[in-house]
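To be precise, the following lines are structure-v8.cif, and they hold mmCIF, C-alpha atoms and all ligand atoms.
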data_coords
#
loop_
_atom_site.label_atom_id
_atom_site.label_comp_id
_atom_site.auth_asym_id
_atom_site.auth_seq_id
_atom_site.Cartn_x
_atom_site.Cartn_y
_atom_site.Cartn_z
CA MET A 476 -89.64 -42.40 -21.41
CA GLN A 477 -92.68 -40.24 -22.07
CA SER A 478 -92.69 -38.34 -18.76
CA LEU A 479 -89.05 -37.37 -19.29
CA ARG A 480 -89.71 -36.13 -22.81
CA GLU A 481 -92.59 -34.04 -21.51
CA ARG A 482 -90.41 -32.64 -18.73
CA ILE A 483 -87.64 -31.74 -21.17
CA VAL A 484 -90.12 -29.92 -23.39
CA ALA A 485 -91.75 -28.14 -20.44
CA ASP A 486 -88.59 -27.13 -18.57
CA GLY A 487 -85.74 -27.41 -21.06
CA VAL A 488 -84.03 -24.28 -22.31
CA THR A 489 -82.05 -24.70 -25.50
CA VAL A 490 -78.71 -22.98 -25.97
CA GLY A 491 -77.96 -22.73 -29.68
CA THR A 492 -78.45 -25.99 -31.53
CA ASP A 493 -76.35 -28.27 -29.34
CA THR A 494 -77.12 -27.74 -25.66
CA VAL A 495 -80.16 -28.21 -23.44
CA LYS A 496 -80.39 -26.72 -19.98
CA VAL A 497 -82.53 -28.76 -17.65
CA ASP A 498 -81.40 -27.07 -14.46
CA SER A 499 -84.88 -27.11 -12.93
CA PHE A 500 -84.87 -30.87 -12.35
CA LEU A 501 -81.49 -32.38 -13.30
CA ASN A 502 -78.45 -30.11 -13.30
CA HIS A 503 -78.93 -27.46 -10.65
CA GLN A 504 -82.12 -28.21 -8.76
CA ILE A 505 -82.96 -31.87 -8.30
CA ASP A 506 -86.54 -33.10 -8.49
CA VAL A 507 -86.23 -35.92 -5.98
CA ARG A 508 -89.50 -37.65 -6.80
CA PHE A 509 -88.81 -37.47 -10.51
CA PHE A 510 -85.35 -38.97 -9.92
CA GLU A 511 -87.09 -42.02 -8.47
CA GLU A 512 -88.93 -42.32 -11.77
CA LEU A 513 -85.70 -41.94 -13.76
CA ALA A 514 -84.09 -44.67 -11.67
CA ARG A 515 -87.05 -46.97 -12.34
CA GLY A 516 -86.59 -46.15 -16.01
CA PHE A 517 -83.03 -47.47 -15.85
CA SER A 518 -84.10 -50.56 -13.95
CA MET A 519 -86.60 -51.32 -16.73
CA ARG A 520 -84.00 -50.75 -19.44
CA PHE A 521 -81.55 -53.05 -17.72
CA ALA A 522 -84.20 -55.48 -16.49
CA ASP A 523 -82.30 -58.39 -18.02
CA LEU A 524 -79.48 -57.95 -15.50
CA GLU A 525 -79.79 -60.58 -12.78
CA PRO A 526 -80.52 -59.29 -9.26
CA GLY A 527 -77.22 -58.71 -7.51
CA SER A 528 -75.26 -58.63 -10.75
CA VAL A 529 -74.20 -54.98 -10.50
CA ASP A 530 -71.20 -54.57 -8.20
CA LYS A 531 -70.64 -50.85 -8.79
CA ILE A 532 -72.36 -47.93 -10.40
CA LEU A 533 -69.89 -45.55 -11.96
CA THR A 534 -70.35 -41.90 -12.89
CA VAL A 535 -68.48 -38.58 -13.12
CA GLU A 536 -68.80 -35.73 -10.67
CA SER A 537 -70.90 -33.79 -10.24
CA SER A 538 -74.12 -33.99 -12.26
CA GLY A 539 -74.04 -37.77 -12.53
CA ILE A 540 -73.85 -38.46 -8.81
CA ALA A 541 -77.49 -37.97 -7.84
CA VAL A 542 -78.98 -39.99 -10.68
CA ALA A 543 -76.41 -42.75 -10.18
CA THR A 544 -77.28 -42.90 -6.48
CA PHE A 545 -81.02 -43.18 -7.10
CA THR A 546 -80.34 -45.84 -9.71
CA ALA A 547 -78.22 -47.83 -7.25
CA ARG A 548 -81.29 -48.29 -5.07
CA GLU A 549 -82.98 -50.11 -7.97
CA PHE A 550 -80.06 -52.51 -8.37
CA GLY A 551 -79.72 -53.70 -4.79
CA TYR A 552 -77.72 -50.77 -3.38
CA PRO A 553 -74.28 -51.32 -4.94
CA PRO A 554 -71.79 -48.55 -4.12
CA VAL A 555 -71.71 -45.53 -6.40
CA VAL A 556 -68.22 -44.47 -7.43
CA PHE A 557 -67.75 -41.09 -9.06
CA ALA A 558 -64.65 -40.13 -10.99
CA LYS A 559 -63.08 -36.96 -9.62
CA LYS A 560 -62.23 -34.16 -11.99
CA ASP A 561 -59.70 -32.24 -9.92
CA LEU A 562 -56.89 -33.76 -7.97
CA PRO A 563 -57.90 -33.24 -4.36
CA SER A 564 -55.13 -33.15 -1.76
CA THR A 565 -56.97 -36.02 -0.04
CA MET A 566 -56.40 -38.33 -3.03
CA THR A 567 -53.13 -39.76 -1.82
CA GLU A 568 -53.65 -43.34 -2.95
CA ASP A 569 -52.95 -44.88 -6.34
CA TYR A 570 -55.59 -44.04 -8.93
CA TRP A 571 -56.75 -44.85 -12.45
CA PHE A 572 -56.44 -41.81 -14.66
CA THR A 573 -57.54 -40.65 -18.11
CA GLU A 574 -58.31 -37.40 -19.87
CA ILE A 575 -61.59 -36.39 -21.49
CA MET A 576 -62.77 -33.35 -23.40
CA SER A 577 -65.29 -31.65 -21.15
CA PHE A 578 -68.45 -30.69 -23.04
CA THR A 579 -69.46 -27.93 -20.66
CA LYS A 580 -65.96 -26.50 -20.15
CA SER A 581 -64.61 -27.11 -23.69
CA LYS A 582 -61.22 -28.21 -22.39
CA MET A 583 -59.37 -31.40 -21.60
CA THR A 584 -60.10 -32.55 -18.08
CA ALA A 585 -58.44 -35.32 -16.10
CA ILE A 586 -60.68 -37.84 -14.37
CA ARG A 587 -59.44 -40.13 -11.62
CA ILE A 588 -60.74 -43.06 -9.62
CA ALA A 589 -58.83 -44.52 -6.69
CA LYS A 590 -57.76 -48.06 -7.60
CA LYS A 591 -59.24 -49.46 -4.43
CA TYR A 592 -62.74 -48.42 -5.57
CA LEU A 593 -62.52 -50.01 -9.02
CA GLN A 594 -61.08 -53.48 -9.04
CA ALA A 595 -60.59 -56.35 -11.45
CA GLY A 596 -63.63 -58.55 -11.98
CA GLU A 597 -66.18 -56.03 -10.70
CA ARG A 598 -69.35 -55.77 -12.80
CA VAL A 599 -69.93 -52.11 -13.52
CA LEU A 600 -72.87 -50.08 -14.78
CA ILE A 601 -72.11 -46.51 -15.91
CA ILE A 602 -74.83 -43.92 -15.35
CA ASP A 603 -74.69 -40.24 -16.35
CA ASP A 604 -77.01 -37.31 -16.88
CA PHE A 605 -76.17 -36.53 -20.53
CA LEU A 606 -74.58 -38.45 -23.36
CA ALA A 607 -73.33 -35.99 -25.97
CA HIS A 608 -70.06 -36.77 -27.77
CA GLY A 609 -69.45 -39.68 -25.44
CA GLN A 610 -66.25 -38.29 -23.99
CA ALA A 611 -67.19 -38.71 -20.33
CA ALA A 612 -68.66 -42.18 -20.86
CA SER A 613 -65.79 -43.46 -22.98
CA GLY A 614 -63.33 -42.10 -20.40
CA LEU A 615 -65.12 -44.19 -17.78
CA VAL A 616 -65.16 -47.18 -20.14
CA ARG A 617 -61.36 -46.85 -20.51
CA LEU A 618 -60.90 -46.76 -16.74
CA CYS A 619 -63.06 -49.89 -16.38
CA ALA A 620 -61.00 -51.67 -19.02
CA GLU A 621 -57.74 -50.67 -17.35
CA ALA A 622 -59.00 -51.87 -14.01
CA GLY A 623 -60.12 -55.18 -15.53
CA CYS A 624 -63.82 -54.68 -14.75
CA GLU A 625 -66.73 -56.20 -16.62
CA LEU A 626 -68.77 -53.42 -18.19
CA LEU A 627 -72.52 -54.06 -18.16
CA GLY A 628 -73.50 -50.95 -20.07
CA VAL A 629 -73.97 -47.20 -20.10
CA GLY A 630 -77.23 -45.52 -19.08
CA ALA A 631 -77.85 -41.87 -19.93
CA VAL A 632 -80.82 -39.80 -18.83
CA ILE A 633 -80.66 -37.67 -21.98
CA GLU A 634 -78.81 -38.63 -25.15
CA LYS A 635 -78.22 -36.06 -27.86
CA GLN A 636 -78.07 -38.42 -30.79
CA PHE A 637 -76.67 -35.84 -33.22
CA GLN A 638 -73.42 -35.61 -31.24
CA GLY A 639 -72.62 -39.25 -31.86
CA GLY A 640 -71.69 -40.48 -28.37
CA ALA A 641 -73.95 -43.53 -28.51
CA THR A 642 -72.61 -44.52 -31.94
CA LEU A 643 -69.04 -44.17 -30.69
CA LEU A 644 -69.75 -46.38 -27.69
CA ALA A 645 -71.69 -48.94 -29.75
CA ARG A 646 -68.70 -49.17 -32.09
CA GLU A 647 -66.62 -50.12 -29.06
CA GLY A 648 -69.16 -52.82 -28.27
CA VAL A 649 -70.71 -50.95 -25.35
CA ARG A 650 -74.43 -51.30 -24.64
CA VAL A 651 -76.14 -47.90 -24.36
CA GLU A 652 -79.59 -47.26 -22.87
CA SER A 653 -80.92 -43.70 -22.93
CA LEU A 654 -84.16 -42.62 -21.29
CA ALA A 655 -84.75 -39.83 -23.81
CA VAL A 656 -83.04 -39.38 -27.16
CA ILE A 657 -82.89 -35.94 -28.78
CA GLU A 658 -82.49 -36.16 -32.52
CA ARG A 659 -81.93 -32.44 -33.11
CA ILE A 660 -82.53 -28.94 -31.84
CA GLU A 661 -83.91 -26.55 -34.41
CA ASP A 662 -85.14 -22.97 -33.95
CA GLY A 663 -85.16 -23.53 -30.22
CA ARG A 664 -87.34 -26.64 -30.57
CA ILE A 665 -86.32 -30.05 -29.34
CA HIS A 666 -87.04 -32.97 -31.67
CA PHE A 667 -86.91 -36.45 -30.20
CA ALA A 668 -85.75 -39.50 -32.12
CA GLU A 669 -88.69 -41.66 -33.15
CA GLY A 670 -88.62 -45.27 -32.09
CA ARG A 671 -85.89 -44.73 -29.52
CA ALA A 672 -86.63 -44.04 -25.86
P1 LIG A 701 -69.97 -35.92 -23.49
O1 LIG A 701 -68.76 -36.26 -22.68
O2 LIG A 701 -70.83 -37.10 -23.81
O3 LIG A 701 -69.64 -35.08 -24.70
O4 LIG A 701 -70.84 -34.97 -22.57
C1 LIG A 701 -71.43 -35.47 -21.42
C2 LIG A 701 -71.22 -34.59 -20.24
O5 LIG A 701 -71.30 -33.21 -20.59
C3 LIG A 701 -72.31 -34.87 -19.24
O6 LIG A 701 -71.73 -35.44 -18.10
C4 LIG A 701 -72.94 -33.52 -18.95
O7 LIG A 701 -72.58 -33.11 -17.66
C5 LIG A 701 -72.38 -32.57 -19.96
N1 LIG A 701 -73.36 -32.23 -21.01
C6 LIG A 701 -73.30 -32.59 -22.32
N2 LIG A 701 -74.30 -32.03 -23.02
C7 LIG A 701 -75.02 -31.31 -22.15
C8 LIG A 701 -76.19 -30.50 -22.29
O8 LIG A 701 -76.78 -30.32 -23.37
N3 LIG A 701 -76.66 -29.92 -21.16
C9 LIG A 701 -76.06 -30.08 -19.95
N4 LIG A 701 -76.60 -29.48 -18.88
N5 LIG A 701 -74.93 -30.83 -19.78
C10 LIG A 701 -74.42 -31.44 -20.88
#
In structure tokens, how does this file's structure come out?
Ligand code: 5GP
Amino acid sequence: MQSLRERIVADGVTVGTDTVKVDSFLNHQIDVRFFEELARGFSMRFADLEPGSVDKILTVESSGIAVATFTAREFGYPPVVFAKKDLPSTMTEDYWFTEIMSFTKSKMTAIRIAKKYLQAGERVLIIDDFLAHGQAASGLVRLCAEAGCELLGVGAVIEKQFQGGATLLAREGVRVESLAVIERIEDGRIHFAEGRA
């Protein structure tokens, strides 16, 4: 998606050779109009999905919630379910549970989804802001499998190809669609993968 690439170059701040900060529009401040464009990007990528064929959009709190919500509007307003990272005292019901290595916190983190919000037979699309090593996405894939859902695919706003998350998911037979694919970060410069996104 050309406009996203341009935005990443204009606003992105690299941290070392493995992290991009895009706080100005995605991770701290949200550019609402641009999110509409991102959501349309996902609807084009998943244009083969029949209208009404997405029962749930799944993400992880907190950065995935906004983009998942905008994307839901493009797919007929299915509910957005976000996995919770901490165990809130309000989560008294039975839940699906797995652990993932958090990229931003560099530690194992539990993610949970109440069983009543992820049920057998539901057709699920996973949407997140970044796809790096694929930990968050594959954690959600595991929860979908445990719940007996049908996984339609994973959509990432920004994929960092060099961290292998998309390859990992593809090996598990998961469809991945990324709106922008970063091949590498070198000397503070972001290089996008040619021919992808
Ligand atoms: P993964 O689980 O694929 O290794 O990492 C994905 C998660 O880590 C995303 O949900 C995102 O919140 C965070 N993340 C990974 N890489 C970056 C990055 O370069 N910048 C930011 N802001 N978040 C990232």
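Closest approach to Phe521 in chain A among A:Val488, A:Val555, A:Leu600, A:Ile633: A:Leu600, based on only C-alpha atoms.
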May I have the residues within 6 Å of ligand LIG 701 (chain A), computed using only C-alpha atoms and all ligand atoms, as a VMD selection string?
chain A and resid 494 to 496 502 538 577 to 579 603 to 611 640
Please determine, counting only C-alpha atoms, which residue among A:Leu562, A:Asp523, A:Lys635, A:Ala622 has the shortest atom-to-atom distance to Lys591 in chain A.
A:Ala622
May I have the residues within 10 Å of Ala485 in chain A as a ChimeraX atom specification, using all atoms listed in the file and disregarding those fewer than 5 positions away in the same chain?
/A:479-480,497
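For the set A:Glu621, A:Asp493, A:Asp530, A:Glu549, the residue with the smallest atom-to-atom gap to Phe572 in chain A is A:Glu621, counting all atoms listed in the file.
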List as a ChimeraX atom specification the protein and nucleic acid residues near Val629 in chain A, meaning an atom at most 8 Å away when all atoms listed in the file are counted, but skip any in the same chain fewer than 3 places from it.
/A:600-603,612,649-652
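Counting all atoms listed in the file, the residue from A:Leu627, A:Ile532, A:Ala595, A:Val632 that sits nearest to Phe510 in chain A is A:Val632.
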As a ChimeraX atom specification, please: the residues near Gln477 in chain A (cut-off 9 Å, all atoms listed in the file, same-chain neighbours under 3 positions excluded).
/A:480-482,654-655,672
Just the residues within 8 Å of Glu511 in chain A, please, counting all atoms listed in the file, with nothing from its chain fewer than 4 positions along; format it as a PyMOL selection string.
chain A and resi 507+515+545-546
Okay, now the selection with C-alpha atoms, as a short mmCIF file (atom, residue, chain, number, x, y, z; two decimals), keeping the file's coordinate frame?
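Contents of part37.cif, as written:
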data_model
loop_
_atom_site.label_atom_id
_atom_site.label_comp_id
_atom_site.auth_asym_id
_atom_site.auth_seq_id
_atom_site.Cartn_x
_atom_site.Cartn_y
_atom_site.Cartn_z
CA VAL A 507 -86.23 -35.92 -5.98
CA ARG A 515 -87.05 -46.97 -12.34
CA PHE A 545 -81.02 -43.18 -7.10
CA THR A 546 -80.34 -45.84 -9.71
#
Would you pick out the contacts of Pro563 in chain A at 12 Å or less, using only C-alpha atoms, so that residues sharing its chain but fewer than 3 positions from it are not included, and give the list as a list in words?
Ala558, Lys559, Lys560, Met566, Thr567, Glu568, Tyr570, Ala585, Ile586, Arg587, Ile588 and Ala589 of chain A
